[in-house]
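Asks: Structure file run.txt, compact mmCIF, C-alpha atoms, is pasted below:
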# COMPACT_ATOMS: atom_id res chain seq x y z
CA MET W 1 -10.00 130.65 -41.39
CA GLU W 2 -9.04 133.99 -42.87
CA THR W 3 -5.93 135.68 -41.57
CA ARG W 4 -6.57 138.60 -39.29
CA LYS W 5 -4.76 141.87 -39.73
CA LYS W 6 -4.72 145.13 -37.84
CA TYR W 7 -7.16 147.82 -38.95
CA THR W 8 -7.45 151.46 -37.97
CA LEU W 9 -10.95 152.94 -38.19
CA THR W 10 -11.90 156.53 -37.45
CA MET W 11 -15.44 157.72 -37.09
CA LEU W 12 -17.18 161.00 -36.57
CA VAL W 13 -20.13 160.50 -34.24
CA GLU W 14 -22.68 162.53 -32.34
CA ASN W 15 -21.48 163.37 -28.84
CA GLU W 16 -24.43 161.66 -27.10
CA PRO W 17 -24.79 159.15 -24.25
CA GLY W 18 -24.67 155.56 -25.46
CA VAL W 19 -22.84 156.06 -28.76
CA THR W 20 -19.52 154.56 -27.62
CA ALA W 21 -21.40 151.64 -26.06
CA ARG W 22 -23.26 150.93 -29.29
CA ILE W 23 -20.09 150.98 -31.39
CA THR W 24 -18.01 148.87 -29.01
CA GLY W 25 -21.00 146.52 -28.66
CA LEU W 26 -20.84 145.75 -32.38
CA PHE W 27 -17.24 144.62 -32.02
CA ALA W 28 -18.04 142.58 -28.92
CA GLY W 29 -20.96 140.90 -30.69
CA ARG W 30 -18.54 139.57 -33.30
CA GLY W 31 -15.92 138.54 -30.78
CA TYR W 32 -13.45 141.13 -32.04
CA ASN W 33 -11.13 142.58 -29.49
CA ILE W 34 -10.72 146.33 -29.61
CA GLU W 35 -6.95 146.73 -29.41
CA THR W 36 -7.07 150.46 -28.78
CA ILE W 37 -9.82 153.07 -28.58
CA CYS W 38 -9.62 156.84 -28.38
CA GLY W 39 -12.62 159.11 -28.31
CA ALA W 40 -13.09 162.78 -27.54
CA PRO W 41 -15.11 165.79 -28.74
CA THR W 42 -13.99 167.57 -31.91
CA ALA W 43 -13.81 171.33 -32.49
CA ASN W 44 -17.60 171.12 -32.74
CA PRO W 45 -18.59 169.92 -29.25
CA LYS W 46 -21.69 168.22 -30.62
CA MET W 47 -19.45 165.72 -32.40
CA SER W 48 -16.80 163.31 -31.23
CA ARG W 49 -14.12 161.50 -33.15
CA ILE W 50 -13.49 157.90 -32.19
CA THR W 51 -10.47 155.94 -33.42
CA ILE W 52 -10.40 152.18 -33.00
CA THR W 53 -7.73 149.64 -33.90
CA THR W 54 -8.69 146.00 -34.10
CA LEU W 55 -7.44 142.68 -35.44
CA ALA W 56 -9.93 141.29 -37.93
CA SER W 57 -10.32 139.40 -41.17
CA PRO W 58 -11.08 141.63 -44.20
CA HIS W 59 -14.41 139.95 -44.85
CA LEU W 60 -15.80 140.22 -41.33
CA LEU W 61 -14.44 143.72 -40.87
CA ALA W 62 -16.42 144.82 -43.92
CA GLN W 63 -19.60 143.49 -42.31
CA CYS W 64 -18.78 145.21 -39.04
CA MET W 65 -18.19 148.52 -40.86
CA LYS W 66 -21.55 148.22 -42.59
CA GLN W 67 -23.25 147.83 -39.25
CA ILE W 68 -21.39 150.78 -37.75
CA GLN W 69 -22.47 152.92 -40.68
CA ARG W 70 -26.08 151.97 -40.04
CA LEU W 71 -26.00 153.45 -36.53
CA VAL W 72 -27.89 156.74 -36.62
CA ASN W 73 -25.32 158.53 -34.44
CA VAL W 74 -22.44 157.71 -36.77
CA ILE W 75 -21.92 160.50 -39.27
CA LYS W 76 -18.79 159.30 -41.02
CA LEU W 77 -16.64 156.18 -40.92
CA ARG W 78 -13.28 155.76 -42.57
CA ASP W 79 -10.88 152.87 -42.80
CA MET W 80 -7.47 154.49 -42.32
CA THR W 81 -5.54 151.24 -42.53
CA GLY W 82 -4.13 151.63 -46.00
CA GLU W 83 -4.59 155.39 -46.09
CA GLU W 84 -1.81 157.87 -46.34
CA ALA W 85 -2.59 159.12 -42.86
CA VAL W 86 -0.76 160.80 -40.01
CA LYS W 87 -0.88 158.27 -37.16
CA ARG W 88 0.38 159.08 -33.70
CA GLU W 89 -0.08 157.98 -30.18
CA MET W 90 0.97 159.17 -26.74
CA ALA W 91 2.19 157.14 -23.79
CA LEU W 92 2.55 158.17 -20.17
CA VAL W 93 5.22 156.03 -18.57
CA CYS W 94 6.35 155.61 -14.98
CA VAL W 95 9.72 153.86 -14.95
CA LYS W 96 11.76 152.65 -11.97
CA ALA W 97 14.73 154.96 -11.73
CA PRO W 98 17.08 154.63 -8.77
CA PRO W 99 19.73 157.39 -8.77
CA ALA W 100 22.31 155.15 -10.46
CA ASP W 101 20.03 154.60 -13.48
CA GLN W 102 18.57 158.08 -13.89
CA LYS W 103 21.19 159.43 -16.26
CA GLN W 104 20.84 156.51 -18.65
CA ILE W 105 17.02 156.62 -18.55
CA LYS W 106 16.96 160.36 -19.16
CA GLN W 107 19.16 159.80 -22.19
CA ILE W 108 16.62 157.33 -23.63
CA ILE W 109 13.77 159.77 -22.92
CA SER W 110 15.70 162.51 -24.70
CA ASP W 111 16.58 160.22 -27.67
CA PHE W 112 12.85 159.73 -28.24
CA GLN W 113 12.02 163.41 -27.62
CA GLY W 114 10.01 162.48 -24.56
CA ARG W 115 9.11 165.02 -21.88
CA LEU W 116 9.79 164.52 -18.20
CA LEU W 117 6.65 165.23 -16.13
CA ASP W 118 7.47 164.00 -12.62
CA LYS W 119 10.70 163.07 -10.92
CA GLY W 120 11.18 161.10 -7.71
CA GLU W 121 14.15 159.48 -6.03
CA GLN W 122 13.17 156.07 -7.36
CA HIS W 123 11.06 156.81 -10.44
CA LEU W 124 10.51 159.09 -13.42
CA ILE W 125 7.20 159.84 -15.16
CA PHE W 126 7.36 161.10 -18.72
CA GLU W 127 5.33 161.34 -21.90
CA VAL W 128 6.34 160.24 -25.35
CA THR W 129 4.56 160.56 -28.69
CA GLY W 130 5.19 158.88 -32.00
CA ASP W 131 3.89 156.19 -34.26
CA GLU W 132 3.05 152.89 -32.60
CA MET W 133 6.35 151.27 -33.53
CA THR W 134 8.43 154.12 -32.14
CA VAL W 135 6.59 153.91 -28.82
CA ASP W 136 7.07 150.13 -28.78
CA VAL W 137 10.80 150.46 -29.44
CA MET W 138 11.18 153.00 -26.65
CA LEU W 139 9.29 150.83 -24.20
CA ALA W 140 11.49 147.87 -25.12
CA GLN W 141 14.58 149.95 -24.31
CA LEU W 142 13.13 150.92 -20.94
CA ALA W 143 11.81 147.47 -20.02
CA PRO W 144 15.09 146.31 -18.40
CA PHE W 145 14.83 149.18 -15.87
CA GLY W 146 11.28 148.19 -14.94
CA ILE W 147 8.12 149.90 -16.19
CA LYS W 148 5.94 150.51 -13.13
CA LYS W 149 2.95 151.97 -14.92
CA LEU W 150 1.98 152.65 -18.48
CA ALA W 151 -1.00 154.43 -20.03
CA ARG W 152 -1.10 154.53 -23.83
CA SER W 153 -3.62 156.63 -25.66
CA GLY W 154 -4.02 154.28 -28.58
CA VAL W 155 -3.61 155.47 -32.16
CA LEU W 156 -5.01 158.76 -33.45
CA ALA W 157 -5.18 159.20 -37.20
CA LEU W 158 -5.77 162.19 -39.46
CA TYR W 159 -6.00 161.90 -43.22
CA ARG W 160 -3.29 163.87 -45.02
CA GLU W 161 -4.74 166.65 -47.14
CA PRO W 162 -4.06 166.21 -50.87
CA MET J 1 -31.09 167.39 -8.95
CA GLU J 2 -27.50 167.05 -7.87
CA THR J 3 -24.90 169.09 -9.67
CA ARG J 4 -22.79 167.14 -12.11
CA LYS J 5 -19.05 167.48 -12.18
CA LYS J 6 -16.30 166.05 -14.31
CA TYR J 7 -14.69 162.82 -13.15
CA THR J 8 -11.60 161.00 -14.38
CA LEU J 9 -11.60 157.23 -13.85
CA THR J 10 -8.80 154.86 -14.74
CA MET J 11 -9.16 151.12 -14.77
CA LEU J 12 -6.92 148.15 -15.34
CA VAL J 13 -8.84 145.49 -17.24
CA GLU J 14 -8.23 142.18 -18.97
CA ASN J 15 -7.42 142.65 -22.65
CA GLU J 16 -10.37 140.52 -23.86
CA PRO J 17 -13.14 141.01 -26.43
CA GLY J 18 -16.21 142.67 -24.95
CA VAL J 19 -14.63 144.38 -21.95
CA THR J 20 -14.82 147.91 -23.37
CA ALA J 21 -18.41 147.28 -24.45
CA ARG J 22 -19.41 146.13 -20.96
CA ILE J 23 -17.85 149.17 -19.28
CA THR J 24 -19.23 151.73 -21.72
CA GLY J 25 -22.60 149.95 -21.52
CA LEU J 26 -22.78 150.69 -17.79
CA PHE J 27 -22.43 154.40 -18.51
CA ALA J 28 -24.98 154.25 -21.30
CA GLY J 29 -27.45 152.43 -19.06
CA ARG J 30 -27.38 155.38 -16.67
CA GLY J 31 -27.59 157.97 -19.39
CA TYR J 32 -24.11 159.28 -18.66
CA ASN J 33 -22.18 160.60 -21.59
CA ILE J 34 -18.58 159.45 -21.83
CA GLU J 35 -16.76 162.70 -22.53
CA THR J 36 -13.48 161.02 -23.43
CA ILE J 37 -12.24 157.46 -23.51
CA CYS J 38 -8.74 156.07 -24.03
CA GLY J 39 -7.88 152.42 -23.91
CA ALA J 40 -4.80 150.44 -24.91
CA PRO J 41 -2.71 147.49 -23.72
CA THR J 42 -0.26 148.02 -20.86
CA ALA J 43 3.31 146.71 -20.62
CA ASN J 44 1.65 143.36 -19.89
CA PRO J 45 -0.26 142.67 -23.14
CA LYS J 46 -2.88 140.64 -21.25
CA MET J 47 -4.04 143.84 -19.57
CA SER J 48 -5.34 147.14 -20.86
CA ARG J 49 -5.68 150.47 -19.15
CA ILE J 50 -8.84 152.43 -19.87
CA THR J 51 -9.27 156.06 -18.86
CA ILE J 52 -12.72 157.63 -18.99
CA THR J 53 -13.87 161.16 -18.23
CA THR J 54 -17.55 161.78 -17.61
CA LEU J 55 -19.91 164.37 -16.17
CA ALA J 56 -21.85 162.86 -13.27
CA SER J 57 -23.30 163.54 -9.85
CA PRO J 58 -21.19 162.19 -6.95
CA HIS J 59 -23.96 159.89 -5.76
CA LEU J 60 -24.70 158.25 -9.09
CA LEU J 61 -21.03 158.02 -10.01
CA ALA J 62 -20.45 156.00 -6.83
CA GLN J 63 -23.12 153.52 -7.93
CA CYS J 64 -21.63 153.32 -11.41
CA MET J 65 -18.15 152.66 -9.94
CA LYS J 66 -19.55 149.85 -7.80
CA GLN J 67 -20.99 148.20 -10.88
CA ILE J 68 -17.75 148.56 -12.82
CA GLN J 69 -15.86 146.94 -9.96
CA ARG J 70 -18.24 143.99 -10.07
CA LEU J 71 -17.30 143.18 -13.68
CA VAL J 72 -15.04 140.14 -13.64
CA ASN J 73 -12.66 141.57 -16.24
CA VAL J 74 -11.97 144.72 -14.24
CA ILE J 75 -8.92 144.26 -12.06
CA LYS J 76 -8.57 147.73 -10.59
CA LEU J 77 -10.57 150.95 -10.71
CA ARG J 78 -9.43 154.32 -9.45
CA ASP J 79 -11.09 157.70 -9.29
CA MET J 80 -8.32 160.11 -10.30
CA THR J 81 -10.49 163.20 -10.07
CA GLY J 82 -9.15 164.61 -6.83
CA GLU J 83 -5.90 162.68 -7.00
CA GLU J 84 -2.51 164.22 -7.31
CA ALA J 85 -2.12 162.72 -10.76
CA VAL J 86 -0.23 163.48 -13.93
CA LYS J 87 -2.91 164.16 -16.54
CA ARG J 88 -2.11 164.70 -20.17
CA GLU J 89 -3.73 164.46 -23.53
CA MET J 90 -2.64 164.66 -27.14
CA ALA J 91 -4.37 166.35 -30.04
CA LEU J 92 -3.75 165.96 -33.76
CA VAL J 93 -4.82 169.13 -35.50
CA CYS J 94 -5.21 170.04 -39.16
CA VAL J 95 -5.46 173.82 -39.46
CA LYS J 96 -6.13 175.94 -42.55
CA ALA J 97 -2.89 177.68 -43.35
CA PRO J 98 -2.61 179.72 -46.54
CA PRO J 99 0.96 181.00 -47.09
CA ALA J 100 0.14 184.39 -45.57
CA ASP J 101 -0.89 182.80 -42.25
CA GLN J 102 1.75 180.09 -41.94
CA LYS J 103 4.30 182.11 -40.02
CA GLN J 104 1.79 183.15 -37.40
CA ILE J 105 0.37 179.64 -37.02
CA LYS J 106 3.83 178.12 -36.72
CA GLN J 107 4.56 180.59 -33.94
CA ILE J 108 1.49 179.39 -32.00
CA ILE J 109 2.50 175.74 -32.55
CA SER J 110 5.96 176.54 -31.25
CA ASP J 111 4.59 178.49 -28.23
CA PHE J 112 2.74 175.36 -27.15
CA GLN J 113 5.69 173.05 -27.98
CA GLY J 114 3.67 171.37 -30.68
CA ARG J 115 5.29 169.30 -33.42
CA LEU J 116 4.66 169.81 -37.10
CA LEU J 117 3.81 166.50 -38.82
CA ASP J 118 2.58 167.48 -42.28
CA LYS J 119 2.81 170.65 -44.32
CA GLY J 120 0.82 171.64 -47.38
CA GLU J 121 0.32 174.86 -49.29
CA GLN J 122 -3.02 175.45 -47.57
CA HIS J 123 -2.80 173.49 -44.32
CA LEU J 124 -0.58 172.29 -41.49
CA ILE J 125 -1.00 169.11 -39.43
CA PHE J 126 0.65 169.03 -36.02
CA GLU J 127 0.45 167.34 -32.64
CA VAL J 128 0.29 169.00 -29.28
CA THR J 129 0.28 167.52 -25.77
CA GLY J 130 -0.60 169.04 -22.43
CA ASP J 131 -3.30 169.12 -19.83
CA GLU J 132 -6.83 169.56 -21.09
CA MET J 133 -6.89 173.30 -20.46
CA THR J 134 -3.64 173.92 -22.32
CA VAL J 135 -4.96 172.06 -25.36
CA ASP J 136 -8.23 174.04 -25.15
CA VAL J 137 -6.36 177.35 -24.99
CA MET J 138 -4.24 176.45 -27.98
CA LEU J 139 -7.27 175.40 -30.02
CA ALA J 140 -8.98 178.69 -29.14
CA GLN J 141 -5.97 180.60 -30.49
CA LEU J 142 -6.08 178.60 -33.72
CA ALA J 143 -9.86 178.73 -34.18
CA PRO J 144 -9.81 182.05 -36.12
CA PHE J 145 -7.61 180.45 -38.80
CA GLY J 146 -10.02 177.54 -39.21
CA ILE J 147 -9.55 174.08 -37.73
CA LYS J 148 -10.23 171.61 -40.51
CA LYS J 149 -9.86 168.41 -38.51
CA LEU J 150 -9.20 167.56 -34.92
CA ALA J 151 -8.56 164.25 -33.16
CA ARG J 152 -8.05 164.42 -29.39
CA SER J 153 -6.90 161.42 -27.44
CA GLY J 154 -8.84 162.23 -24.30
CA VAL J 155 -7.16 162.43 -20.92
CA LEU J 156 -4.57 159.90 -19.74
CA ALA J 157 -3.77 159.87 -16.03
CA LEU J 158 -1.00 158.30 -13.97
CA TYR J 159 -0.89 158.52 -10.21
CA ARG J 160 2.21 160.33 -8.92
CA GLU J 161 4.43 158.06 -6.86
CA PRO J 162 4.76 159.15 -3.23
Here is the file; what I need is its structure written in the form of structure tokens.
Replies:
Amino acid sequence: METRKKYTLTMLVENEPGVTARITGLFAGRGYNIETICGAPTANPKMSRITITTLASPHLLAQCMKQIQRLVNVIKLRDMTGEEAVKREMALVCVKAPPADQKQIKQIISDFQGRLLDKGEQHLIFEVTGDEMTVDVMLAQLAPFGIKKLARSGVLALYREP
Amino acid sequence: METRKKYTLTMLVENEPGVTARITGLFAGRGYNIETICGAPTANPKMSRITITTLASPHLLAQCMKQIQRLVNVIKLRDMTGEEAVKREMALVCVKAPPADQKQIKQIISDFQGRLLDKGEQHLIFEVTGDEMTVDVMLAQLAPFGIKKLARSGVLALYREP
């Protein structure tokens, strides 16, 4: 069995009903789990950009990409895995924060340039952005306090201009 | 015909192959366009949180939600539309920026607390976060300079603790 590695694919697609279902269906048909998915309209509202990360073997991913490219609603597909790309994600985090812990938690949020969005007596909600590893490291530092809720956007990638 | 409005749904699902395809397939089957979708693992890697925004009529959305809830891999589904929720999104933007325009563009990025990620002689790549309207307003201000590439995460939502 080939080793699986993590791939980042971005695609420009028509903003039409059913397009996301067709693309995710191709992954499902091959038993690939979509690790993260992000999709939203571009500056041209007739188009959307979808970014997917997945664990796959190089050989089977190539087949999957071919099939994606055959879909009529897919205009462009790019493997950003090895690319010199800007990759970022956002996380919204709700962390348990009794008064005695708030100072220490706020320090961690500030270390990672996070932004406080909601503040209660027993919790804090904030956003943080960064590459995947940075977000992981921050979450590991907060884990001992107790992460009540977490919503991650998944990776967004833009190719660096030459 | 009932008027359609924009809904924000968040769901906690099992992090398994095929789950995203099944959920997006339900929308496709009803001819609903998924405006934005965001999905990624939670603090518990066996679970993912998926956030979807869609335009729908109240009656048909209710039917669609019932079907989503029937999927075995869906643990929790919540309509965050009317909820007092924290809603944020991130955008990665590549904007045309010849030297003569850079100062003005950087000022707009700074006004919206964006972060510069890559800088060339003819372009700037930055990230910005905010609610959907804030991101829209910023993009409108940058449009005259020329937006070369745009990747939006789509909305993430976390319920505010009481």
Asks: What does the distance between atom CA of J:Ala100 and atom CA of J:Gly120 come to in Å, to one decimal place?
Replies: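 So the answer is 12.9 Å.
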Asks: May I ask you to extract the residues of chain J within 6 Å of chain W, using all atoms listed in the file, and to give them as a list in words?
Replies: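 Going by the stated atoms only, the list reads Pro17, Gly18, Ala21, Thr24, Gly25, Ala28, Gly31, Tyr32, Asn33, Thr36, Ile37, Cys38, Gly39, Ala40, Thr42, Leu150, Arg152, Ser153 and Gly154 of chain J.
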Asks: So what do you get for atom CA of W:Leu142 versus atom CA of W:Ala97, distance-wise?
Replies: 10.2 Å
Asks: Rounded to one decimal place, report the atom CA of J:Leu60-atom CA of J:Val72 distance in Å.
Replies: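 So the answer is 21.0 Å.
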Asks: Between W:Leu116, W:Met138, W:Ile105, W:Met65, which is the closest to W:Leu77 once you count only C-alpha atoms?
Replies: W:Met65
Asks: Residues within 10 Å of J:Tyr7, please, as a PyMOL selection string. Count all atoms listed in the file; anything in the same chain fewer than 6 positions from it doesn't count.
Replies: chain J and resi 35+52-58+61+79-82
